[in-house]
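J.: File name work.tsv; file contents TSV, C-alpha atoms and all ligand atoms; full text below.
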chain	number	residue	atom	x	y	z
J	1	MET	CA	-18.30	-29.22	-1.49
J	2	THR	CA	-14.84	-28.69	0.06
J	3	THR	CA	-12.64	-25.91	-1.19
J	4	ASP	CA	-9.11	-26.82	-2.26
J	5	ALA	CA	-7.65	-23.40	-3.04
J	6	VAL	CA	-8.68	-19.77	-2.94
J	7	THR	CA	-7.06	-16.87	-4.81
J	8	VAL	CA	-7.52	-13.22	-3.86
J	9	ARG	CA	-6.32	-10.23	-5.87
J	10	VAL	CA	-5.16	-7.14	-4.01
J	11	PRO	CA	-3.86	-3.75	-5.25
J	12	GLY	CA	-0.97	-1.58	-4.12
J	13	LYS	CA	-1.60	1.96	-2.88
J	14	ILE	CA	-0.14	5.38	-3.19
J	15	ASN	CA	-0.84	8.33	-0.88
J	16	LEU	CA	-2.20	11.40	-2.71
J	17	GLY	CA	-1.89	13.40	0.50
J	18	LEU	CA	-0.03	12.41	3.65
J	19	PHE	CA	-0.02	14.77	6.63
J	20	VAL	CA	1.91	13.59	9.67
J	21	GLY	CA	1.07	14.88	13.12
J	22	PRO	CA	3.03	14.52	16.36
J	23	LEU	CA	4.55	11.27	17.65
J	24	ARG	CA	2.03	9.50	19.93
J	25	GLU	CA	2.83	7.69	23.14
J	26	ASP	CA	2.32	4.32	21.44
J	27	GLY	CA	5.18	5.05	19.00
J	28	TYR	CA	2.90	5.86	16.03
J	29	HIS	CA	2.27	9.26	14.46
J	30	GLU	CA	-1.20	10.71	14.14
J	31	LEU	CA	-2.00	10.87	10.40
J	32	SER	CA	-4.39	12.33	7.93
J	33	THR	CA	-3.84	10.66	4.60
J	34	VAL	CA	-5.65	10.13	1.30
J	35	PHE	CA	-5.05	6.56	0.17
J	36	HIS	CA	-5.54	5.66	-3.50
J	37	ALA	CA	-5.50	2.03	-4.71
J	38	VAL	CA	-3.81	1.54	-8.09
J	39	SER	CA	-3.82	-1.25	-10.67
J	40	LEU	CA	-0.65	-3.06	-9.62
J	41	PHE	CA	-1.90	-6.32	-8.17
J	42	ASP	CA	-0.52	-9.15	-6.07
J	43	HIS	CA	-2.37	-12.48	-6.20
J	44	VAL	CA	-2.43	-14.53	-3.03
J	45	THR	CA	-3.50	-18.21	-3.17
J	46	VAL	CA	-4.07	-20.34	-0.07
J	47	GLN	CA	-4.54	-24.10	0.09
J	48	PRO	CA	-4.50	-26.68	2.88
J	49	ALA	CA	-1.08	-28.26	3.46
J	50	ASP	CA	0.82	-30.34	6.00
J	51	ASP	CA	2.84	-27.33	7.16
J	52	TRP	CA	2.65	-23.53	7.05
J	53	SER	CA	4.70	-22.15	4.17
J	54	VAL	CA	5.01	-19.11	1.86
J	55	HIS	CA	6.18	-19.23	-1.77
J	56	VAL	CA	6.71	-16.08	-3.81
J	57	THR	CA	6.98	-15.53	-7.59
J	58	GLY	CA	7.19	-12.38	-9.71
J	59	PRO	CA	9.79	-9.69	-10.41
J	60	PHE	CA	10.32	-8.74	-6.75
J	61	ALA	CA	10.15	-12.29	-5.33
J	62	ASP	CA	13.74	-12.45	-4.10
J	63	ARG	CA	13.15	-9.54	-1.69
J	64	VAL	CA	10.18	-11.08	0.11
J	65	PRO	CA	10.73	-13.10	3.33
J	66	THR	CA	9.26	-16.61	3.21
J	67	ASP	CA	9.58	-17.41	6.91
J	68	GLY	CA	7.19	-16.71	9.78
J	69	SER	CA	7.84	-12.96	9.46
J	70	ASN	CA	5.97	-12.77	6.13
J	71	LEU	CA	2.91	-10.61	6.88
J	72	ALA	CA	0.57	-12.88	4.86
J	73	MET	CA	1.64	-15.81	7.04
J	74	VAL	CA	1.17	-13.72	10.21
J	75	ALA	CA	-2.31	-12.76	8.97
J	76	ALA	CA	-3.30	-16.37	8.20
J	77	ARG	CA	-2.09	-17.52	11.62
J	78	THR	CA	-3.91	-14.65	13.35
J	79	LEU	CA	-7.15	-15.77	11.72
J	80	ALA	CA	-6.41	-19.45	12.50
J	81	ALA	CA	-5.96	-18.57	16.18
J	82	ARG	CA	-9.52	-17.15	16.17
J	83	ARG	CA	-10.83	-20.26	14.49
J	84	GLN	CA	-9.15	-22.60	16.91
J	85	ARG	CA	-11.51	-21.55	19.67
J	86	ARG	CA	-14.13	-23.52	17.73
J	87	ALA	CA	-12.08	-26.21	15.97
J	88	THR	CA	-8.62	-26.55	14.51
J	89	VAL	CA	-7.89	-25.59	10.91
J	90	PRO	CA	-5.23	-27.22	8.76
J	91	PRO	CA	-2.07	-25.21	8.06
J	92	VAL	CA	-1.97	-23.50	4.66
J	93	ARG	CA	0.52	-23.12	1.87
J	94	ILE	CA	0.47	-19.47	0.71
J	95	ASP	CA	1.52	-18.60	-2.84
J	96	ILE	CA	2.11	-14.92	-3.61
J	97	ASP	CA	2.45	-13.62	-7.15
J	98	LYS	CA	4.18	-10.36	-6.30
J	99	GLN	CA	3.83	-7.43	-8.71
J	100	ILE	CA	3.79	-4.61	-6.11
J	101	PRO	CA	7.28	-3.23	-5.37
J	102	VAL	CA	8.73	-4.47	-2.06
J	103	ALA	CA	9.51	-2.02	0.80
J	104	GLY	CA	8.62	0.76	-1.63
J	105	GLY	CA	5.91	2.72	0.17
J	106	MET	CA	3.11	1.00	-1.75
J	107	ALA	CA	2.01	-1.25	1.14
J	108	GLY	CA	2.84	-4.48	-0.71
J	109	GLY	CA	3.31	-6.50	2.49
J	110	SER	CA	0.12	-5.05	3.99
J	111	ALA	CA	-1.71	-5.89	0.74
J	112	ASP	CA	-0.69	-9.55	1.02
J	113	ALA	CA	-1.84	-9.60	4.66
J	114	ALA	CA	-5.26	-8.21	3.67
J	115	ALA	CA	-5.52	-10.78	0.85
J	116	ALA	CA	-4.50	-13.66	3.15
J	117	LEU	CA	-7.21	-12.70	5.67
J	118	VAL	CA	-9.90	-12.70	2.98
J	119	ALA	CA	-8.60	-15.87	1.29
J	120	CYS	CA	-8.33	-17.87	4.53
J	121	ARG	CA	-11.77	-16.75	5.73
J	122	GLU	CA	-13.13	-18.17	2.48
J	123	LEU	CA	-11.01	-21.35	2.56
J	124	TRP	CA	-11.95	-22.14	6.15
J	125	THR	CA	-15.60	-21.01	5.62
J	126	LEU	CA	-15.42	-18.74	8.66
J	127	ASP	CA	-18.77	-17.13	7.91
J	128	HIS	CA	-19.08	-15.97	11.52
J	129	ILE	CA	-16.07	-13.64	11.05
J	130	GLU	CA	-17.85	-10.45	9.98
J	131	ASN	CA	-16.13	-7.71	7.95
J	132	GLU	CA	-15.94	-5.54	11.06
J	133	LEU	CA	-13.93	-8.17	12.95
J	134	LEU	CA	-11.74	-8.76	9.89
J	135	GLU	CA	-11.00	-5.01	9.84
J	136	THR	CA	-10.02	-5.06	13.52
J	137	MET	CA	-7.65	-7.95	12.80
J	138	ALA	CA	-6.35	-6.07	9.75
J	139	ALA	CA	-5.57	-2.98	11.87
J	140	SER	CA	-3.66	-5.15	14.36
J	141	LEU	CA	-1.44	-6.39	11.50
J	142	GLY	CA	-0.46	-2.92	10.20
J	143	SER	CA	-1.73	0.63	9.75
J	144	ASP	CA	-2.30	0.22	5.96
J	145	VAL	CA	-3.97	-3.21	6.02
J	146	PRO	CA	-7.60	-2.00	6.58
J	147	PHE	CA	-7.37	0.30	3.53
J	148	LEU	CA	-6.32	-2.62	1.30
J	149	LEU	CA	-9.53	-4.45	2.27
J	150	HIS	CA	-11.52	-1.42	0.99
J	151	GLY	CA	-9.46	-0.03	-1.90
J	152	GLY	CA	-10.74	2.91	-3.97
J	153	THR	CA	-9.81	6.34	-2.65
J	154	ALA	CA	-10.21	6.91	1.08
J	155	ILE	CA	-9.13	9.10	3.95
J	156	GLY	CA	-7.04	7.30	6.57
J	157	SER	CA	-6.96	8.79	10.06
J	158	GLY	CA	-5.70	7.74	13.48
J	159	ARG	CA	-2.46	5.95	12.59
J	160	GLY	CA	-3.96	5.37	9.10
J	161	GLU	CA	-6.18	2.45	10.05
J	162	GLN	CA	-9.49	4.35	10.32
J	163	ILE	CA	-10.95	4.49	6.82
J	164	THR	CA	-13.53	6.88	5.34
J	165	PRO	CA	-14.28	6.47	1.62
J	166	VAL	CA	-13.83	9.55	-0.58
J	167	LEU	CA	-16.07	10.46	-3.47
J	168	ALA	CA	-13.92	10.43	-6.61
J	169	ARG	CA	-15.18	10.32	-10.19
J	170	GLY	CA	-13.27	8.98	-13.19
J	171	GLU	CA	-9.73	7.68	-13.43
J	172	LEU	CA	-6.23	8.92	-12.70
J	173	HIS	CA	-3.26	7.68	-14.74
J	174	TRP	CA	0.05	7.07	-13.02
J	175	VAL	CA	3.65	6.29	-13.89
J	176	LEU	CA	5.59	4.76	-11.01
J	177	TRP	CA	9.34	4.77	-10.56
J	178	ALA	CA	10.73	2.05	-8.27
J	179	GLY	CA	14.49	2.10	-7.79
J	180	GLU	CA	16.11	-1.26	-8.47
J	181	GLY	CA	17.15	-2.63	-5.08
J	182	LEU	CA	16.29	0.71	-3.46
J	183	THR	CA	14.22	0.27	-0.32
J	184	LEU	CA	13.32	2.30	2.77
J	185	SER	CA	12.25	1.10	6.19
J	186	THR	CA	9.05	2.87	7.25
J	187	PRO	CA	10.13	3.43	10.89
J	188	ALA	CA	13.46	4.89	9.69
J	189	VAL	CA	11.64	7.44	7.51
J	190	TYR	CA	9.38	8.52	10.41
J	191	VAL	CA	12.46	8.84	12.67
J	192	GLU	CA	14.16	10.99	10.01
J	193	LEU	CA	11.07	13.23	9.76
J	194	ASP	CA	11.08	13.72	13.55
J	195	ARG	CA	14.80	14.50	13.40
J	196	LEU	CA	14.34	17.11	10.65
J	197	ARG	CA	11.43	18.69	12.54
J	198	GLU	CA	13.38	18.77	15.79
J	199	GLU	CA	16.42	20.29	14.05
J	200	ARG	CA	14.22	23.13	12.77
J	201	GLY	CA	12.09	23.50	15.87
J	202	THR	CA	8.95	22.87	13.76
J	203	GLU	CA	5.73	22.94	15.81
J	204	VAL	CA	3.47	20.09	14.72
J	205	GLY	CA	-0.30	20.28	15.17
J	206	ALA	CA	-3.06	17.72	14.63
J	207	PRO	CA	-3.15	16.73	10.93
J	208	GLU	CA	-6.26	17.79	8.97
J	209	PRO	CA	-7.82	16.13	5.90
J	210	PRO	CA	-6.70	18.18	2.85
J	211	GLY	CA	-9.82	20.05	1.65
J	212	ASP	CA	-8.29	21.26	-1.64
J	213	LEU	CA	-7.22	17.73	-2.65
J	214	LEU	CA	-10.65	16.29	-1.76
J	215	THR	CA	-12.39	18.99	-3.84
J	216	ALA	CA	-10.06	18.27	-6.77
J	217	LEU	CA	-10.87	14.55	-6.49
J	218	ARG	CA	-14.63	15.19	-6.41
J	219	ARG	CA	-14.30	17.18	-9.64
J	220	MET	CA	-11.66	14.78	-10.95
J	221	ASP	CA	-9.67	17.73	-12.15
J	222	THR	CA	-6.28	16.15	-12.93
J	223	ASP	CA	-4.33	19.42	-12.81
J	224	ALA	CA	-5.89	20.39	-9.48
J	225	VAL	CA	-5.12	16.91	-8.06
J	226	ALA	CA	-1.55	17.25	-9.38
J	227	ALA	CA	-1.16	20.66	-7.71
J	228	THR	CA	-2.36	19.33	-4.34
J	229	LEU	CA	-0.34	16.08	-4.16
J	230	HIS	CA	1.56	16.30	-0.87
J	231	ASN	CA	3.56	14.03	1.39
J	232	ASP	CA	5.08	15.16	4.70
J	233	LEU	CA	7.37	12.08	4.59
J	234	GLN	CA	8.83	13.06	1.21
J	235	GLU	CA	11.53	15.32	2.61
J	236	ALA	CA	12.67	12.57	4.99
J	237	ALA	CA	12.69	9.96	2.20
J	238	VAL	CA	14.74	12.33	-0.02
J	239	SER	CA	17.10	13.02	2.87
J	240	LEU	CA	17.77	9.25	3.19
J	241	HIS	CA	17.90	8.63	-0.60
J	242	PRO	CA	18.90	11.91	-2.35
J	243	ILE	CA	18.41	10.26	-5.77
J	244	LEU	CA	14.66	10.72	-5.22
J	245	ALA	CA	15.07	14.48	-5.79
J	246	GLU	CA	16.56	13.71	-9.22
J	247	VAL	CA	13.73	11.30	-9.99
J	248	LEU	CA	11.06	13.90	-9.07
J	249	GLU	CA	12.80	16.53	-11.20
J	250	ALA	CA	13.21	14.19	-14.18
J	251	GLY	CA	9.50	13.31	-14.10
J	252	GLN	CA	8.46	16.98	-14.08
J	253	GLU	CA	10.85	17.82	-16.91
J	254	LEU	CA	9.52	14.91	-18.97
J	255	GLY	CA	5.93	16.15	-18.75
J	256	ALA	CA	4.34	14.77	-15.55
J	257	ARG	CA	1.50	16.97	-14.25
J	258	GLY	CA	2.67	16.25	-10.70
J	259	GLY	CA	4.83	13.87	-8.73
J	260	VAL	CA	5.04	12.63	-5.14
J	261	VAL	CA	6.91	10.02	-3.13
J	262	SER	CA	4.44	7.29	-2.17
J	263	GLY	CA	4.04	6.78	1.59
J	264	SER	CA	7.45	6.31	3.17
J	265	GLY	CA	8.98	5.72	-0.27
J	266	PRO	CA	11.12	5.21	-2.17
J	267	THR	CA	8.56	4.59	-4.97
J	268	VAL	CA	7.72	7.86	-6.77
J	269	ALA	CA	4.27	8.32	-8.36
J	270	PHE	CA	3.81	10.68	-11.33
J	271	LEU	CA	0.35	11.83	-12.36
J	272	VAL	CA	-0.37	12.24	-16.09
J	273	GLY	CA	-3.50	13.14	-18.08
J	274	SER	CA	-4.11	9.96	-20.09
J	275	GLN	CA	-2.87	6.47	-20.86
J	276	ALA	CA	-1.05	7.85	-23.93
J	277	GLN	CA	0.77	10.38	-21.74
J	278	ALA	CA	1.62	7.58	-19.31
J	279	ILE	CA	3.27	5.66	-22.14
J	280	ASP	CA	5.19	8.79	-23.25
J	281	LEU	CA	6.41	9.53	-19.73
J	282	SER	CA	7.42	5.94	-19.01
J	283	VAL	CA	9.42	5.76	-22.24
J	284	GLY	CA	11.05	9.12	-21.42
J	285	LEU	CA	11.90	8.11	-17.86
J	286	ALA	CA	13.32	4.76	-18.97
J	287	ALA	CA	15.54	6.51	-21.52
J	288	ASN	CA	16.55	9.65	-19.61
J	289	GLY	CA	15.64	9.28	-15.93
J	290	PRO	CA	17.62	7.72	-13.07
J	291	THR	CA	17.82	3.92	-13.40
J	292	GLY	CA	14.76	2.21	-12.01
J	293	GLU	CA	11.78	0.01	-12.71
J	294	ILE	CA	9.08	2.00	-14.54
J	295	LEU	CA	5.49	0.84	-14.08
J	296	ARG	CA	2.15	2.18	-15.29
J	297	ALA	CA	-1.09	2.02	-13.35
J	298	MET	CA	-4.50	3.63	-13.05
J	299	GLY	CA	-6.66	4.27	-10.05
J	300	PRO	CA	-8.84	4.05	-8.17
J	301	VAL	CA	-9.36	0.26	-8.19
J	302	PRO	CA	-11.19	-1.95	-5.66
J	303	GLY	CA	-9.47	-3.55	-2.67
J	304	THR	CA	-9.25	-7.31	-2.04
J	305	GLN	CA	-11.31	-9.35	-4.49
J	306	LEU	CA	-11.92	-13.07	-4.62
J	307	VAL	CA	-10.88	-14.15	-8.11
J	308	HIS	CA	-10.74	-17.94	-7.95
J	309	ARG	CA	-11.98	-20.80	-5.88
J	310	VAL	CA	-11.13	-24.40	-6.77
J	311	GLY	CA	-13.38	-26.97	-5.13
J	312	GLN	CA	-13.94	-30.71	-5.12
J	313	GLY	CA	-17.37	-32.28	-4.74
H	401	LIG	O1	1.61	0.04	11.16
H	401	LIG	P1	2.89	-0.41	10.53
H	401	LIG	O2	3.37	-1.71	11.09
H	401	LIG	O3	2.84	-0.41	9.04
H	401	LIG	O4	3.95	0.68	10.93
H	401	LIG	C1	5.33	0.46	10.82
H	401	LIG	C2	6.08	1.53	11.59
H	401	LIG	O5	5.93	2.80	10.94
H	401	LIG	C3	5.62	1.77	13.01
H	401	LIG	O6	6.23	0.88	13.89
H	401	LIG	C4	6.06	3.20	13.25
H	401	LIG	O7	7.44	3.27	13.52
H	401	LIG	C5	5.84	3.85	11.89
H	401	LIG	N1	4.51	4.49	11.80
H	401	LIG	C6	4.28	5.67	12.49
H	401	LIG	N2	3.06	6.26	12.41
H	401	LIG	C7	2.06	5.73	11.67
H	401	LIG	C8	2.28	4.54	10.93
H	401	LIG	C9	3.53	3.95	11.03
H	401	LIG	O8	5.18	6.20	13.17
H	401	LIG	N3	0.87	6.36	11.61
Have the structure of the file written as structure tokens, please.
T.:
Amino acid sequence: MTTDAVTVRVPGKINLGLFVGPLREDGYHELSTVFHAVSLFDHVTVQPADDWSVHVTGPFADRVPTDGSNLAMVAARTLAARRQRRATVPPVRIDIDKQIPVAGGMAGGSADAAAALVACRELWTLDHIENELLETMAASLGSDVPFLLHGGTAIGSGRGEQITPVLARGELHWVLWAGEGLTLSTPAVYVELDRLREERGTEVGAPEPPGDLLTALRRMDTDAVAATLHNDLQEAAVSLHPILAEVLEAGQELGARGGVVSGSGPTVAFLVGSQAQAIDLSVGLAANGPTGEILRAMGPVPGTQLVHRVGQG
């Protein structure tokens, strides 16, 4: 049987803890982060075509590049280059149903890259490409890509690409605020953090995994998780987009247990105690908070998952 199309579902992520160490010689910062995959999903479908192309639908579609710079396309071509040592593969058409905010700190582009790797491996029946090799390719595409293959809740170390799963029971409920048209470039946020640290003469040591957050996750104590949410990049993101301070304050006033900027932002994640509280907070934020897209999600959820394969006998 030949396969005509493969669809893979992939979640977005937030960072429950993000501790940024010194700038390394390779231009990256040493990190200790706790990634958490949440139930906002992109769907990536690949099928053989005459030419390479990317097509995007969904609420954030107009902000996604559809040329060779699209990370899903880069991922598919990276995998194809491996394959070509054995035999050529046909180009693919990539369709992305985009529900994860774009350039928002939720790793939406990295998610599509992870999904494209898994989908193309399936489409091209590259059974000899083991998960370990796929993870190496994922890390070469971006620091967050390996986590999106795994999902769940996990510690990221190195530049974020080395993944260790974290024991976490139960569910966490989230309300996400994504500013309409508000984006941040990840490198710019890291540069701003370095600038702020330099200005203050802050000494930066090696980042450590946050013991109190990990204990709170093991117990799944929502209030303890809320109290230990932390992001070293938050101050830099707020410095570049001061409206984020208002968003964080509005969420707290409207009943969130805790709030944190996700990754390099500008998406803000609010933790609440239940789905009912998530509905209350999202209604409150929509009515009284700074203008933005309000989304609800729960976590943890799995990483890339094959959801559909269409074949012809
Ligand atoms: O790995 P990724 O391509 O997502 O990283 C984008 C940029 O973010 C890097 O080029 C770097 O400027 C910054 N970054 C960093 N330290 C990390 C991860 C990313 O400085 N650990």
J.: Just to confirm, what's the straight-line distance from CA of Val44 in chain J to CA of Gln305 in chain J in Å (one decimal)?
T.: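 Computed distance, CA of Val44 in chain J to CA of Gln305 in chain J, equals 10.4 Å.
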J.: Residues at most 7 Å from ligand LIG 401 (chain H), using only C-alpha atoms and all ligand atoms? Could they come as a PyMOL selection string?
T.: chain J and resi 23+27-31+141-144+158-160+186-187+190
J.: Skipping near chain neighbours, those fewer than 5 positions away, what residues fall within 10 Å of Cys120 in chain J using only C-alpha atoms, listed as a list in words?
T.: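 Once the adjacent positions are removed, what remains is Ala5, Val6, Thr7, Val8, Thr45, Val46, Gln47, Pro48, Ala75, Ala76, Arg77, Leu79, Ala80, Val92, Ile94, Ala115, Thr125 and Leu126 of chain J.
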J.: Could you jot down the CA of Leu176 in chain J to CA of Leu71 in chain J separation for me, Å, one decimal place?
T.: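 Atom-to-atom, CA of Leu176 in chain J and CA of Leu71 in chain J are spaced 23.7 Å apart.
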J.: Could you give me, as a PDB file with C-alpha atoms, in the frame of the given file, the residues within 12 Å of Ile100 in chain J, counting all atoms listed in the file and dropping anything in the same chain fewer than 2 positions from it?
T.:
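In the end it all went to part-v5.pdb:
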ATOM      1  CA  ARG J   9      -6.320 -10.230  -5.870  1.00  0.00           C
ATOM      2  CA  VAL J  10      -5.160  -7.140  -4.010  1.00  0.00           C
ATOM      3  CA  PRO J  11      -3.860  -3.750  -5.250  1.00  0.00           C
ATOM      4  CA  GLY J  12      -0.970  -1.580  -4.120  1.00  0.00           C
ATOM      5  CA  LYS J  13      -1.600   1.960  -2.880  1.00  0.00           C
ATOM      6  CA  ILE J  14      -0.140   5.380  -3.190  1.00  0.00           C
ATOM      7  CA  ALA J  37      -5.500   2.030  -4.710  1.00  0.00           C
ATOM      8  CA  VAL J  38      -3.810   1.540  -8.090  1.00  0.00           C
ATOM      9  CA  SER J  39      -3.820  -1.250 -10.670  1.00  0.00           C
ATOM     10  CA  LEU J  40      -0.650  -3.060  -9.620  1.00  0.00           C
ATOM     11  CA  PHE J  41      -1.900  -6.320  -8.170  1.00  0.00           C
ATOM     12  CA  ASP J  42      -0.520  -9.150  -6.070  1.00  0.00           C
ATOM     13  CA  HIS J  43      -2.370 -12.480  -6.200  1.00  0.00           C
ATOM     14  CA  THR J  57       6.980 -15.530  -7.590  1.00  0.00           C
ATOM     15  CA  GLY J  58       7.190 -12.380  -9.710  1.00  0.00           C
ATOM     16  CA  PRO J  59       9.790  -9.690 -10.410  1.00  0.00           C
ATOM     17  CA  PHE J  60      10.320  -8.740  -6.750  1.00  0.00           C
ATOM     18  CA  ALA J  61      10.150 -12.290  -5.330  1.00  0.00           C
ATOM     19  CA  ARG J  63      13.150  -9.540  -1.690  1.00  0.00           C
ATOM     20  CA  VAL J  64      10.180 -11.080   0.110  1.00  0.00           C
ATOM     21  CA  ILE J  96       2.110 -14.920  -3.610  1.00  0.00           C
ATOM     22  CA  ASP J  97       2.450 -13.620  -7.150  1.00  0.00           C
ATOM     23  CA  LYS J  98       4.180 -10.360  -6.300  1.00  0.00           C
ATOM     24  CA  VAL J 102       8.730  -4.470  -2.060  1.00  0.00           C
ATOM     25  CA  ALA J 103       9.510  -2.020   0.800  1.00  0.00           C
ATOM     26  CA  GLY J 104       8.620   0.760  -1.630  1.00  0.00           C
ATOM     27  CA  GLY J 105       5.910   2.720   0.170  1.00  0.00           C
ATOM     28  CA  MET J 106       3.110   1.000  -1.750  1.00  0.00           C
ATOM     29  CA  ALA J 107       2.010  -1.250   1.140  1.00  0.00           C
ATOM     30  CA  GLY J 108       2.840  -4.480  -0.710  1.00  0.00           C
ATOM     31  CA  GLY J 109       3.310  -6.500   2.490  1.00  0.00           C
ATOM     32  CA  SER J 110       0.120  -5.050   3.990  1.00  0.00           C
ATOM     33  CA  ALA J 111      -1.710  -5.890   0.740  1.00  0.00           C
ATOM     34  CA  ASP J 112      -0.690  -9.550   1.020  1.00  0.00           C
ATOM     35  CA  LEU J 176       5.590   4.760 -11.010  1.00  0.00           C
ATOM     36  CA  TRP J 177       9.340   4.770 -10.560  1.00  0.00           C
ATOM     37  CA  ALA J 178      10.730   2.050  -8.270  1.00  0.00           C
ATOM     38  CA  THR J 267       8.560   4.590  -4.970  1.00  0.00           C
ATOM     39  CA  GLU J 293      11.780   0.010 -12.710  1.00  0.00           C
ATOM     40  CA  ILE J 294       9.080   2.000 -14.540  1.00  0.00           C
ATOM     41  CA  LEU J 295       5.490   0.840 -14.080  1.00  0.00           C
ATOM     42  CA  ARG J 296       2.150   2.180 -15.290  1.00  0.00           C
ATOM     43  CA  ALA J 297      -1.090   2.020 -13.350  1.00  0.00           C
TER      44      ALA J 297
END
J.: With a distance cut-off of 9 Å and all atoms listed in the file, select the neighbouring residues of Val261 in chain J, excluding the residue or stretch itself and same-chain residues fewer than 3 positions from it, and output the selection as a list in words.
T.: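 The contact residues come out as Ile14, Asn15, Gly105, His230, Asn231, Leu233, Gln234, Ala237, Val238, Leu244, Leu248, Ser264, Gly265, Pro266, Thr267, Val268, Ala269 and Phe270 of chain J.
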J.: Could you state the separation of CA of Arg257 in chain J and CA of Val301 in chain J in Å, given to one decimal place?
T.: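 Value for the CA of Arg257 in chain J-CA of Val301 in chain J distance: 20.8 Å.
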J.: Using all atoms listed in the file, find the one residue out of J:Pro90, J:Ala114, J:Thr304, J:Asp95 that sits nearest to Val56 in chain J.
T.: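 Ranking J:Pro90, J:Ala114, J:Thr304, J:Asp95 by distance to Val56 in chain J, first place goes to J:Asp95.
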J.: With 8 Å added on each side, what axis-aligned box encloses every listed atom of range 7-16 of chain J? Give the centre and edge lengths in Å to one decimal, as AutoDock Vina command-line options.
T.:
--center_x -3.8 --center_y -2.7 --center_z -3.4 --size_x 23.4 --size_y 44.3 --size_z 21.0
